[in-house]
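Chemist: Contents are PDB, C-alpha atoms, pLDDT in the B column; file name model.pdb:
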ATOM      1  CA  MET A   1      49.488   3.945  -5.033  1.00 59.00           C
ATOM      2  CA  ASP A   2      45.875   3.717  -3.913  1.00 66.00           C
ATOM      3  CA  TYR A   3      45.432  -0.064  -3.564  1.00 67.00           C
ATOM      4  CA  PHE A   4      41.805   0.152  -2.466  1.00 71.00           C
ATOM      5  CA  LYS A   5      40.956   2.215  -5.544  1.00 75.00           C
ATOM      6  CA  ILE A   6      42.674  -0.346  -7.781  1.00 75.00           C
ATOM      7  CA  ILE A   7      40.594  -3.146  -6.273  1.00 73.00           C
ATOM      8  CA  HIS A   8      37.425  -1.059  -6.485  1.00 75.00           C
ATOM      9  CA  ASP A   9      38.085  -0.194 -10.136  1.00 76.00           C
ATOM     10  CA  PHE A  10      38.873  -3.830 -10.925  1.00 77.00           C
ATOM     11  CA  LEU A  11      35.604  -5.055  -9.404  1.00 76.00           C
ATOM     12  CA  ASP A  12      33.655  -2.410 -11.322  1.00 75.00           C
ATOM     13  CA  VAL A  13      35.316  -3.311 -14.615  1.00 73.00           C
ATOM     14  CA  SER A  14      34.977  -7.054 -14.016  1.00 71.00           C
ATOM     15  CA  LYS A  15      31.191  -6.695 -13.751  1.00 71.00           C
ATOM     16  CA  GLU A  16      31.124  -5.788 -17.444  1.00 70.00           C
ATOM     17  CA  MET A  17      33.280  -8.781 -18.386  1.00 72.00           C
ATOM     18  CA  ASN A  18      33.024 -12.529 -18.054  1.00 69.00           C
ATOM     19  CA  ILE A  19      35.502 -12.826 -15.193  1.00 79.00           C
ATOM     20  CA  PHE A  20      36.062 -16.129 -13.380  1.00 84.00           C
ATOM     21  CA  ALA A  21      36.070 -16.256  -9.588  1.00 85.00           C
ATOM     22  CA  SER A  22      39.646 -17.573  -9.678  1.00 87.00           C
ATOM     23  CA  ASP A  23      40.638 -14.507 -11.747  1.00 88.00           C
ATOM     24  CA  ARG A  24      39.232 -12.158  -9.095  1.00 85.00           C
ATOM     25  CA  LEU A  25      40.925 -14.047  -6.269  1.00 87.00           C
ATOM     26  CA  LEU A  26      44.277 -13.974  -8.037  1.00 88.00           C
ATOM     27  CA  PHE A  27      44.089 -10.278  -8.917  1.00 87.00           C
ATOM     28  CA  ILE A  28      43.183  -9.249  -5.361  1.00 85.00           C
ATOM     29  CA  GLU A  29      46.024 -11.397  -3.998  1.00 88.00           C
ATOM     30  CA  LEU A  30      48.429  -9.827  -6.495  1.00 88.00           C
ATOM     31  CA  ILE A  31      47.415  -6.397  -5.177  1.00 85.00           C
ATOM     32  CA  ASN A  32      48.012  -7.663  -1.651  1.00 84.00           C
ATOM     33  CA  GLN A  33      51.437  -9.023  -2.651  1.00 84.00           C
ATOM     34  CA  LEU A  34      52.280  -5.710  -4.295  1.00 84.00           C
ATOM     35  CA  TYR A  35      51.320  -3.851  -1.127  1.00 79.00           C
ATOM     36  CA  MET A  36      53.326  -6.230   1.090  1.00 81.00           C
ATOM     37  CA  SER A  37      56.397  -5.906  -1.144  1.00 80.00           C
ATOM     38  CA  GLY A  38      56.348  -2.106  -0.873  1.00 78.00           C
ATOM     39  CA  ALA A  39      57.058  -1.818  -4.598  1.00 75.00           C
ATOM     40  CA  ASP A  40      55.396   0.678  -6.926  1.00 72.00           C
ATOM     41  CA  SER A  41      54.346  -1.707  -9.699  1.00 71.00           C
ATOM     42  CA  PHE A  42      56.740  -4.648 -10.110  1.00 80.00           C
ATOM     43  CA  PHE A  43      57.070  -7.526  -7.653  1.00 82.00           C
ATOM     44  CA  GLN A  44      57.915 -11.234  -7.676  1.00 87.00           C
ATOM     45  CA  GLN A  45      56.166 -14.294  -6.239  1.00 86.00           C
ATOM     46  CA  SER A  46      56.122 -18.056  -6.859  1.00 88.00           C
ATOM     47  CA  ASN A  47      53.130 -20.019  -8.140  1.00 88.00           C
ATOM     48  CA  VAL A  48      53.291 -22.306  -5.103  1.00 88.00           C
ATOM     49  CA  ILE A  49      52.849 -19.482  -2.605  1.00 89.00           C
ATOM     50  CA  LEU A  50      50.120 -17.754  -4.615  1.00 89.00           C
ATOM     51  CA  SER A  51      48.211 -21.053  -4.987  1.00 88.00           C
ATOM     52  CA  LYS A  52      48.309 -21.638  -1.236  1.00 89.00           C
ATOM     53  CA  LYS A  53      47.287 -18.051  -0.486  1.00 88.00           C
ATOM     54  CA  ILE A  54      44.089 -18.150  -2.553  1.00 87.00           C
ATOM     55  CA  GLY A  55      43.362 -21.881  -2.173  1.00 88.00           C
ATOM     56  CA  ILE A  56      43.453 -22.993  -5.803  1.00 88.00           C
ATOM     57  CA  GLU A  57      45.574 -25.486  -7.714  1.00 90.00           C
ATOM     58  CA  GLU A  58      48.658 -24.234  -9.545  1.00 89.00           C
ATOM     59  CA  LYS A  59      47.159 -25.237 -12.895  1.00 90.00           C
ATOM     60  CA  THR A  60      44.066 -23.110 -12.172  1.00 91.00           C
ATOM     61  CA  LEU A  61      46.299 -20.212 -11.114  1.00 90.00           C
ATOM     62  CA  ILE A  62      48.226 -20.352 -14.392  1.00 91.00           C
ATOM     63  CA  CYS A  63      44.968 -20.229 -16.395  1.00 91.00           C
ATOM     64  CA  ALA A  64      43.665 -17.308 -14.312  1.00 89.00           C
ATOM     65  CA  ARG A  65      46.950 -15.425 -14.754  1.00 91.00           C
ATOM     66  CA  LYS A  66      46.764 -15.905 -18.520  1.00 90.00           C
ATOM     67  CA  ARG A  67      43.222 -14.524 -18.639  1.00 88.00           C
ATOM     68  CA  LEU A  68      44.174 -11.467 -16.529  1.00 88.00           C
ATOM     69  CA  PHE A  69      47.009 -10.841 -18.974  1.00 88.00           C
ATOM     70  CA  GLU A  70      44.690 -11.183 -21.994  1.00 86.00           C
ATOM     71  CA  TYR A  71      42.307  -8.676 -20.421  1.00 83.00           C
ATOM     72  CA  GLY A  72      45.169  -6.260 -19.901  1.00 83.00           C
ATOM     73  CA  PHE A  73      44.975  -6.166 -16.107  1.00 86.00           C
ATOM     74  CA  ILE A  74      48.530  -7.441 -15.592  1.00 87.00           C
ATOM     75  CA  ASN A  75      51.828  -8.188 -17.271  1.00 88.00           C
ATOM     76  CA  TYR A  76      54.060 -10.996 -16.105  1.00 91.00           C
ATOM     77  CA  LYS A  77      57.302 -12.738 -16.892  1.00 88.00           C
ATOM     78  CA  SER A  78      57.593 -16.384 -15.909  1.00 81.00           C
ATOM     79  CA  SER A  79      60.830 -17.942 -14.732  1.00 71.00           C
ATOM     80  CA  VAL A  80      61.923 -21.487 -15.488  1.00 66.00           C
ATOM     81  CA  GLY A  81      61.666 -24.208 -12.820  1.00 62.00           C
ATOM     82  CA  ARG A  82      59.213 -25.100 -10.104  1.00 61.00           C
ATOM     83  CA  GLY A  83      59.345 -22.780  -7.101  1.00 59.00           C
ATOM     84  CA  HIS A  84      60.978 -19.972  -9.059  1.00 78.00           C
ATOM     85  CA  LYS A  85      59.302 -16.610  -8.772  1.00 87.00           C
ATOM     86  CA  THR A  86      57.298 -14.902 -11.509  1.00 88.00           C
ATOM     87  CA  GLU A  87      57.597 -11.151 -12.027  1.00 90.00           C
ATOM     88  CA  TYR A  88      54.252  -9.284 -12.024  1.00 91.00           C
ATOM     89  CA  LYS A  89      53.175  -5.777 -12.968  1.00 89.00           C
ATOM     90  CA  ILE A  90      49.733  -4.288 -12.307  1.00 84.00           C
ATOM     91  CA  ASN A  91      48.601  -2.200 -15.280  1.00 82.00           C
ATOM     92  CA  ASN A  92      46.894   1.171 -15.264  1.00 74.00           C
ATOM     93  CA  PHE A  93      43.116   0.727 -15.455  1.00 65.00           C
ATOM     94  CA  ASN A  94      42.716   3.925 -17.465  1.00 62.00           C
ATOM     95  CA  GLU A  95      44.496   2.173 -20.343  1.00 57.00           C
ATOM     96  CA  ILE A  96      42.181  -0.853 -20.382  1.00 57.00           C
ATOM     97  CA  ASP A  97      39.533  -0.923 -23.125  1.00 55.00           C
ATOM     98  CA  VAL A  98      36.767  -3.112 -21.749  1.00 51.00           C
ATOM     99  CA  SER A  99      34.770  -3.082 -24.996  1.00 51.00           C
ATOM    100  CA  ASN A 100      37.604  -4.691 -26.939  1.00 47.00           C
ATOM    101  CA  LYS A 101      38.373  -7.645 -24.726  1.00 48.00           C
ATOM    102  CA  ILE A 102      38.232 -11.250 -25.816  1.00 42.00           C
ATOM    103  CA  GLU A 103      36.152 -13.731 -23.923  1.00 48.00           C
ATOM    104  CA  PRO A 104      38.160 -15.754 -21.406  1.00 46.00           C
ATOM    105  CA  ILE A 105      39.306 -19.255 -22.312  1.00 42.00           C
ATOM    106  CA  THR A 106      36.770 -21.678 -20.926  1.00 46.00           C
ATOM    107  CA  GLN A 107      37.421 -25.254 -20.039  1.00 48.00           C
ATOM    108  CA  LYS A 108      35.744 -27.825 -22.240  1.00 53.00           C
ATOM    109  CA  VAL A 109      33.199 -29.690 -20.192  1.00 53.00           C
ATOM    110  CA  LYS A 110      31.777 -32.943 -21.468  1.00 61.00           C
ATOM    111  CA  PRO A 111      27.985 -32.928 -21.387  1.00 63.00           C
ATOM    112  CA  VAL A 112      26.526 -35.172 -18.739  1.00 62.00           C
ATOM    113  CA  ILE A 113      24.381 -37.775 -20.463  1.00 63.00           C
ATOM    114  CA  PRO A 114      21.962 -39.380 -18.052  1.00 65.00           C
ATOM    115  CA  LYS A 115      22.178 -43.123 -17.951  1.00 68.00           C
ATOM    116  CA  LYS A 116      19.271 -44.866 -19.500  1.00 65.00           C
ATOM    117  CA  GLN A 117      17.261 -46.548 -16.815  1.00 65.00           C
ATOM    118  CA  LYS A 118      16.708 -50.216 -17.273  1.00 68.00           C
ATOM    119  CA  GLU A 119      13.151 -51.177 -18.101  1.00 70.00           C
ATOM    120  CA  ASP A 120      11.341 -53.052 -15.353  1.00 77.00           C
ATOM    121  CA  VAL A 121      10.630 -56.499 -16.827  1.00 81.00           C
ATOM    122  CA  SER A 122       9.633 -58.245 -13.604  1.00 86.00           C
ATOM    123  CA  HIS A 123       6.051 -58.584 -14.856  1.00 89.00           C
ATOM    124  CA  LEU A 124       7.358 -60.483 -17.887  1.00 90.00           C
ATOM    125  CA  TYR A 125       8.874 -63.157 -15.641  1.00 90.00           C
ATOM    126  CA  ILE A 126       5.495 -63.661 -13.958  1.00 89.00           C
ATOM    127  CA  GLU A 127       3.751 -63.708 -17.330  1.00 91.00           C
ATOM    128  CA  PHE A 128       6.247 -66.221 -18.676  1.00 92.00           C
ATOM    129  CA  GLU A 129       5.860 -68.589 -15.715  1.00 92.00           C
ATOM    130  CA  LYS A 130       2.137 -68.806 -16.394  1.00 90.00           C
ATOM    131  CA  ILE A 131       2.471 -69.396 -20.120  1.00 91.00           C
ATOM    132  CA  TRP A 132       5.339 -71.892 -19.479  1.00 93.00           C
ATOM    133  CA  GLU A 133       2.977 -74.006 -17.394  1.00 90.00           C
ATOM    134  CA  VAL A 134       0.215 -73.722 -20.000  1.00 90.00           C
ATOM    135  CA  TYR A 135       2.776 -74.989 -22.530  1.00 91.00           C
ATOM    136  CA  GLU A 136       3.460 -77.876 -20.150  1.00 88.00           C
ATOM    137  CA  ARG A 137       7.092 -76.892 -19.733  1.00 84.00           C
ATOM    138  CA  LYS A 138       8.328 -78.396 -22.988  1.00 88.00           C
ATOM    139  CA  GLY A 139      11.716 -77.142 -24.131  1.00 92.00           C
ATOM    140  CA  ASN A 140      14.561 -75.163 -22.585  1.00 94.00           C
ATOM    141  CA  LYS A 141      13.146 -72.795 -19.998  1.00 93.00           C
ATOM    142  CA  LYS A 142      16.087 -70.391 -19.926  1.00 93.00           C
ATOM    143  CA  SER A 143      16.229 -69.997 -23.704  1.00 93.00           C
ATOM    144  CA  SER A 144      12.458 -69.625 -23.870  1.00 94.00           C
ATOM    145  CA  LEU A 145      12.469 -66.953 -21.148  1.00 94.00           C
ATOM    146  CA  ASN A 146      15.194 -64.921 -22.858  1.00 93.00           C
ATOM    147  CA  LYS A 147      13.284 -65.046 -26.125  1.00 94.00           C
ATOM    148  CA  TRP A 148      10.000 -64.156 -24.385  1.00 94.00           C
ATOM    149  CA  ILE A 149      11.489 -61.019 -22.856  1.00 92.00           C
ATOM    150  CA  ARG A 150      12.797 -59.880 -26.260  1.00 92.00           C
ATOM    151  CA  LEU A 151       9.370 -60.157 -27.898  1.00 94.00           C
ATOM    152  CA  THR A 152       7.315 -57.046 -28.468  1.00 93.00           C
ATOM    153  CA  GLU A 153       4.167 -56.510 -26.443  1.00 93.00           C
ATOM    154  CA  LYS A 154       2.083 -57.270 -29.543  1.00 94.00           C
ATOM    155  CA  GLU A 155       3.957 -60.532 -30.184  1.00 95.00           C
ATOM    156  CA  ARG A 156       3.540 -61.675 -26.579  1.00 93.00           C
ATOM    157  CA  LYS A 157      -0.182 -60.935 -26.752  1.00 93.00           C
ATOM    158  CA  LEU A 158      -0.542 -62.996 -29.934  1.00 94.00           C
ATOM    159  CA  ALA A 159       1.423 -65.865 -28.372  1.00 93.00           C
ATOM    160  CA  ILE A 160      -0.695 -65.804 -25.203  1.00 92.00           C
ATOM    161  CA  GLU A 161      -3.849 -66.055 -27.320  1.00 91.00           C
ATOM    162  CA  HIS A 162      -2.414 -68.760 -29.591  1.00 92.00           C
ATOM    163  CA  ILE A 163      -0.583 -71.090 -27.189  1.00 92.00           C
ATOM    164  CA  PRO A 164      -3.694 -72.558 -25.433  1.00 89.00           C
ATOM    165  CA  GLN A 165      -5.104 -73.467 -28.859  1.00 88.00           C
ATOM    166  CA  TYR A 166      -1.788 -74.960 -29.923  1.00 89.00           C
ATOM    167  CA  VAL A 167      -1.587 -77.004 -26.710  1.00 89.00           C
ATOM    168  CA  LEU A 168      -5.092 -78.383 -27.338  1.00 87.00           C
ATOM    169  CA  SER A 169      -4.096 -79.306 -30.899  1.00 87.00           C
ATOM    170  CA  THR A 170      -1.062 -81.269 -29.683  1.00 87.00           C
ATOM    171  CA  PRO A 171      -2.325 -83.387 -26.770  1.00 86.00           C
ATOM    172  CA  GLU A 172       0.673 -85.704 -27.255  1.00 88.00           C
ATOM    173  CA  ILE A 173       3.449 -83.487 -25.953  1.00 88.00           C
ATOM    174  CA  ARG A 174       6.127 -85.349 -27.911  1.00 89.00           C
ATOM    175  CA  PHE A 175       4.661 -83.899 -31.123  1.00 88.00           C
ATOM    176  CA  ARG A 176       4.672 -80.346 -29.736  1.00 91.00           C
ATOM    177  CA  LYS A 177       7.471 -77.967 -30.627  1.00 93.00           C
ATOM    178  CA  ASN A 178       9.870 -76.971 -27.899  1.00 94.00           C
ATOM    179  CA  MET A 179       8.784 -73.597 -26.619  1.00 94.00           C
ATOM    180  CA  GLU A 180      11.976 -71.802 -27.731  1.00 95.00           C
ATOM    181  CA  THR A 181      11.370 -73.206 -31.234  1.00 94.00           C
ATOM    182  CA  TYR A 182       7.758 -72.052 -31.113  1.00 95.00           C
ATOM    183  CA  LEU A 183       8.879 -68.510 -30.183  1.00 95.00           C
ATOM    184  CA  ASN A 184      11.804 -68.368 -32.637  1.00 95.00           C
ATOM    185  CA  ASN A 185       9.551 -69.459 -35.520  1.00 94.00           C
ATOM    186  CA  GLU A 186       6.805 -67.007 -34.514  1.00 95.00           C
ATOM    187  CA  SER A 187       4.432 -69.968 -34.542  1.00 94.00           C
ATOM    188  CA  TRP A 188       1.611 -67.863 -33.125  1.00 94.00           C
ATOM    189  CA  ASN A 189       1.012 -66.898 -36.761  1.00 93.00           C
ATOM    190  CA  ASP A 190       0.379 -70.541 -37.791  1.00 91.00           C
ATOM    191  CA  LYS A 191      -3.110 -71.856 -38.380  1.00 86.00           C
ATOM    192  CA  ILE A 192      -3.983 -74.676 -36.027  1.00 81.00           C
ATOM    193  CA  ILE A 193      -5.724 -77.870 -37.117  1.00 71.00           C
ATOM    194  CA  MET A 194      -7.193 -79.764 -34.187  1.00 64.00           C
ATOM    195  CA  THR A 195      -6.753 -83.552 -33.921  1.00 57.00           C
ATOM    196  CA  ASN A 196     -10.504 -83.986 -34.504  1.00 53.00           C
ATOM    197  CA  GLY A 197     -10.215 -82.100 -37.809  1.00 48.00           C
ATOM    198  CA  ARG A 198     -11.545 -78.784 -36.550  1.00 49.00           C
ATOM    199  CA  SER A 199      -9.599 -75.587 -37.074  1.00 48.00           C
ATOM    200  CA  SER A 200      -8.582 -73.375 -34.173  1.00 47.00           C
ATOM    201  CA  SER A 201     -11.351 -70.939 -35.093  1.00 48.00           C
ATOM    202  CA  ASN A 202     -13.862 -73.660 -34.139  1.00 51.00           C
ATOM    203  CA  THR A 203     -12.297 -74.278 -30.737  1.00 49.00           C
ATOM    204  CA  THR A 204     -14.808 -73.426 -28.020  1.00 55.00           C
ATOM    205  CA  ASP A 205     -14.092 -70.871 -25.338  1.00 53.00           C
ATOM    206  CA  GLU A 206     -14.671 -73.593 -22.743  1.00 59.00           C
ATOM    207  CA  GLU A 207     -11.876 -75.707 -24.229  1.00 56.00           C
ATOM    208  CA  LEU A 208      -9.509 -72.799 -24.292  1.00 52.00           C
ATOM    209  CA  MET A 209     -10.354 -71.777 -20.745  1.00 57.00           C
ATOM    210  CA  GLN A 210      -9.877 -75.364 -19.606  1.00 59.00           C
ATOM    211  CA  ALA A 211      -6.386 -75.492 -21.183  1.00 57.00           C
ATOM    212  CA  VAL A 212      -5.423 -72.210 -19.566  1.00 56.00           C
ATOM    213  CA  ALA A 213      -6.899 -73.207 -16.200  1.00 57.00           C
ATOM    214  CA  GLU A 214      -5.001 -76.492 -16.200  1.00 59.00           C
ATOM    215  CA  GLY A 215      -1.747 -74.726 -16.971  1.00 54.00           C
ATOM    216  CA  LEU A 216      -2.269 -72.104 -14.282  1.00 54.00           C
ATOM    217  CA  ALA A 217      -3.200 -74.761 -11.782  1.00 57.00           C
ATOM    218  CA  ARG A 218       0.078 -76.539 -12.489  1.00 55.00           C
ATOM    219  CA  ALA A 219       1.962 -73.265 -12.054  1.00 52.00           C
ATOM    220  CA  GLU A 220       0.325 -72.632  -8.684  1.00 58.00           C
ATOM    221  CA  TYR A 221       0.996 -76.203  -7.582  1.00 55.00           C
ATOM    222  CA  ASN A 222       4.693 -75.983  -8.537  1.00 56.00           C
ATOM    223  CA  LYS A 223       4.984 -72.621  -6.806  1.00 55.00           C
ATOM    224  CA  ASN A 224       3.590 -73.921  -3.512  1.00 60.00           C
ATOM    225  CA  GLY A 225       5.035 -77.382  -3.695  1.00 56.00           C
TER     226      GLY A 225
END
Using the file provided, produce a representation of the structure as structure tokens.
Modeler:
Amino acid sequence: MDYFKIIHDFLDVSKEMNIFASDRLLFIELINQLYMSGADSFFQQSNVILSKKIGIEEKTLICARKRLFEYGFINYKSSVGRGHKTEYKINNFNEIDVSNKIEPITQKVKPVIPKKQKEDVSHLYIEFEKIWEVYERKGNKKSSLNKWIRLTEKERKLAIEHIPQYVLSTPEIRFRKNMETYLNNESWNDKIIMTNGRSSSNTTDEELMQAVAEGLARAEYNKNG
């Protein structure tokens, strides 16, 4: 038996088929085992020894052996019990019809779904600290912060524009809503009536800037002090 020709023919045929690397390794080792046994076509070997020879797990070897059988490259007869030897036979390549072979059994691989990166909200903490001071820190800070972070960008913008006016309209802080209540009720949509009878639309820019400046000054003072 021309072992080199068998290997050469196998490699040529395998190019036309979807052959796994483990299938090639196993087939070449089977040829080597056949040569070492001195037999013409039949020989025996255990899964444990074959696995060690080609450096693959026994489970992978069993799958590769099954695919080689389905392709028609080999026949085998398994024995019962671990360590028992399996009988192998190398088939004649002239009898193999490459065009009529099934695709090998592939392992099901779960698609890798990239983890969604957490959105950077550090700027929202800074933004909240400023508006918290403008609001004169009335209410539960933790609850207000959690609600602030969950607001949309549009809602936060409306609140930032509305809060200074609301603060001016409630100079007595005891009459002002807690901030978490203000946010939960979406109070930035409420029309403001100033204590002097003017509506928020009549509030001057200077008054608004003064309210904001006072709040930011308090925030800076608390930060440094």
Chemist: In terms of the shortest atom-to-atom distance over only C-alpha atoms, which of A:Arg176, A:Arg65, A:Glu136, A:His84 is closest to A:Val48?
Modeler: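 Smallest separation from A:Val48 among the options: A:His84.
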Chemist: How far is it from atom CA of A:Phe42 to atom CA of A:Ile90, in Å with one decimal?
Modeler: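 Result for atom CA of A:Phe42 versus atom CA of A:Ile90: 7.4 Å, one decimal.
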Chemist: I would like the residues chosen by the PyMOL selection byres ((chain A and resi 144) around 9) on the shown file; could you give them as a list in words?
Modeler: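 On this input, the PyMOL selection byres ((chain A and resi 144) around 9) captures Phe128, Trp132, Gly139, Asn140, Lys141, Lys142, Ser143, Leu145, Asn146, Lys147, Trp148, Ile149, Asn178, Met179, Glu180, Thr181, Tyr182, Leu183 and Asn184 of chain A.
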Chemist: Could you write out that same residue set with C-alpha atoms as an mmCIF file, in the coordinates of the input?
Modeler:
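Generated output (part-v4.cif):
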data_model
loop_
_atom_site.group_PDB
_atom_site.id
_atom_site.type_symbol
_atom_site.label_atom_id
_atom_site.label_comp_id
_atom_site.auth_asym_id
_atom_site.auth_seq_id
_atom_site.Cartn_x
_atom_site.Cartn_y
_atom_site.Cartn_z
ATOM 1 C CA PHE A 128 6.247 -66.221 -18.676
ATOM 2 C CA TRP A 132 5.339 -71.892 -19.479
ATOM 3 C CA GLY A 139 11.716 -77.142 -24.131
ATOM 4 C CA ASN A 140 14.561 -75.163 -22.585
ATOM 5 C CA LYS A 141 13.146 -72.795 -19.998
ATOM 6 C CA LYS A 142 16.087 -70.391 -19.926
ATOM 7 C CA SER A 143 16.229 -69.997 -23.704
ATOM 8 C CA LEU A 145 12.469 -66.953 -21.148
ATOM 9 C CA ASN A 146 15.194 -64.921 -22.858
ATOM 10 C CA LYS A 147 13.284 -65.046 -26.125
ATOM 11 C CA TRP A 148 10.000 -64.156 -24.385
ATOM 12 C CA ILE A 149 11.489 -61.019 -22.856
ATOM 13 C CA ASN A 178 9.870 -76.971 -27.899
ATOM 14 C CA MET A 179 8.784 -73.597 -26.619
ATOM 15 C CA GLU A 180 11.976 -71.802 -27.731
ATOM 16 C CA THR A 181 11.370 -73.206 -31.234
ATOM 17 C CA TYR A 182 7.758 -72.052 -31.113
ATOM 18 C CA LEU A 183 8.879 -68.510 -30.183
ATOM 19 C CA ASN A 184 11.804 -68.368 -32.637
#
Chemist: I'd like to know which of A:Met36, A:Ala64, A:Asn92, A:Ser46 is closest to A:Lys77, using all atoms listed in the file.
Modeler: A:Ser46
Chemist: Choose the residue, out of A:His162, A:Arg150, A:Lys85, A:Arg174, that has the smallest atom-to-atom separation from A:Ser187; count only C-alpha atoms.
Modeler: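 The answer is A:His162, which sits nearest to A:Ser187.
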Chemist: Given the PyMOL selection byres ((chain A and resi 86) around 10) and the file above, list the residues it selects as a PyMOL selection string.
Modeler: chain A and resi 43-47+76-80+83-85+87-88
Chemist: Can you tell me how far atom CA of A:Lys5 sits from atom CA of A:Lys66, in Å to one decimal?
Modeler: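 Between these atoms lies a distance of 23.0 Å.
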Chemist: Measure the distance from atom CA of A:Gln165 to atom CA of A:Glu133 in Å and round it to one decimal.
Modeler: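 Interatomic distance here is 14.0 Å.
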Chemist: Closest to A:Lys89 among A:Val134, A:Ala159, A:Ile31, A:Leu124, using only C-alpha atoms?
Modeler: A:Ile31
Chemist: Which residues, protein or nucleic acid, reach to within 12 Å of (41.4, -15.5, -0.6) in the file's coordinates when using all atoms listed in the file, and can you give that as an mmCIF file with C-alpha atoms, in the coordinates of the input?
Modeler:
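To be explicit, this is the file written out as selection-v8.cif:
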data_model
loop_
_atom_site.group_PDB
_atom_site.id
_atom_site.type_symbol
_atom_site.label_atom_id
_atom_site.label_comp_id
_atom_site.auth_asym_id
_atom_site.auth_seq_id
_atom_site.Cartn_x
_atom_site.Cartn_y
_atom_site.Cartn_z
ATOM 1 C CA ALA A 21 36.070 -16.256 -9.588
ATOM 2 C CA SER A 22 39.646 -17.573 -9.678
ATOM 3 C CA ASP A 23 40.638 -14.507 -11.747
ATOM 4 C CA ARG A 24 39.232 -12.158 -9.095
ATOM 5 C CA LEU A 25 40.925 -14.047 -6.269
ATOM 6 C CA LEU A 26 44.277 -13.974 -8.037
ATOM 7 C CA PHE A 27 44.089 -10.278 -8.917
ATOM 8 C CA ILE A 28 43.183 -9.249 -5.361
ATOM 9 C CA GLU A 29 46.024 -11.397 -3.998
ATOM 10 C CA LEU A 30 48.429 -9.827 -6.495
ATOM 11 C CA ILE A 31 47.415 -6.397 -5.177
ATOM 12 C CA ASN A 32 48.012 -7.663 -1.651
ATOM 13 C CA LEU A 50 50.120 -17.754 -4.615
ATOM 14 C CA SER A 51 48.211 -21.053 -4.987
ATOM 15 C CA LYS A 52 48.309 -21.638 -1.236
ATOM 16 C CA LYS A 53 47.287 -18.051 -0.486
ATOM 17 C CA ILE A 54 44.089 -18.150 -2.553
ATOM 18 C CA GLY A 55 43.362 -21.881 -2.173
ATOM 19 C CA ILE A 56 43.453 -22.993 -5.803
#
